[in-house]
Amino acid sequence: LQSLLLQEQLLKKSLAKQEESKRKRKEIQRRQNPQTKQDFNVLYQDINIWREEEAAAIKNSTKRSEDKFLQLDLLYKQIRLLQVVDSLKKSAKDTWKCSKVEATLDQLASPQTWLLKRNTGFIKVYTDSNIRAKQLEGLYIDLIEDVPCEFSMY
């Protein structure tokens, strides 16, 4: 009985470690490849926290003559970080737009589904519009294979 309890506790601990490891990997992935507004807010907050810590370290430094240069260097580093985050934001926005265009084209190209009388089933109806949309979707897919979606008009 005690060995079963001990095994259960060890299993719970290992599961907890796995969950913590999984959570940390997910957090790292969110910071390296942000996609949502919340992800970008976290990055901006991290940059502000880092800047405040660096500014405090500069303020507490013993060499007052180098303060201006260190503050200017800190400003350049902050600007560079913000530029990187903005480029990640643009990339995420482009990806989102491409997926939205593709989803819309897919929806337009799908056949209409009609309910048969007396609820006996459904039937898929292809209209001229659906067929033309499917053709245009094929053309769009062929075009974006040659040109990456980030550089397309959408």
# chains A, B, ... in the order shown; residues from 1 in each chain; ligands from 1

$ closest_atom_pairs --of "segment 70-145 of chain A" --to "segment 28-35 of chain A" --cutoff "12 Å" --atoms "only C-alpha atoms" --output "Markdown table"
| residue | atom | partner | partner_atom | distance |
| --- | --- | --- | --- | --- |
| A:Val84 | CA | A:Gln32 | CA | 10.8 |
| A:Val85 | CA | A:Pro34 | CA | 8.9 |
| A:Asp86 | CA | A:Pro34 | CA | 10.8 |
| A:Ser87 | CA | A:Pro34 | CA | 10.9 |
| A:Leu88 | CA | A:Pro34 | CA | 7.1 |
| A:Lys89 | CA | A:Gln35 | CA | 7.5 |
| A:Lys90 | CA | A:Gln35 | CA | 10.0 |
| A:Ser91 | CA | A:Gln35 | CA | 8.9 |
| A:Ala92 | CA | A:Gln35 | CA | 5.5 |
| A:Lys93 | CA | A:Gln35 | CA | 8.1 |
| A:Asp94 | CA | A:Gln35 | CA | 10.6 |
| A:Thr95 | CA | A:Gln35 | CA | 9.1 |
| A:Trp96 | CA | A:Gln35 | CA | 8.6 |

$ select_by_dssp --residues "chain A" --states "strand (DSSP E)" --output "list in words"
Gln112, Thr113, Trp114, Leu115, Phe122, Ile123, Lys124 and Val125 of chain A

$ closest_residue --among "A:Glu8, A:Glu27, A:Asp128, A:Glu52" --to "Asp39 of chain A" --atoms "only C-alpha atoms"
A:Glu27

$ select_by_dssp --residues "segment 42-132 of chain A" --states "helix (DSSP H, G or I)" --output "PyMOL selection string"
chain A and resi 42-59+64-109+117-119+128-132
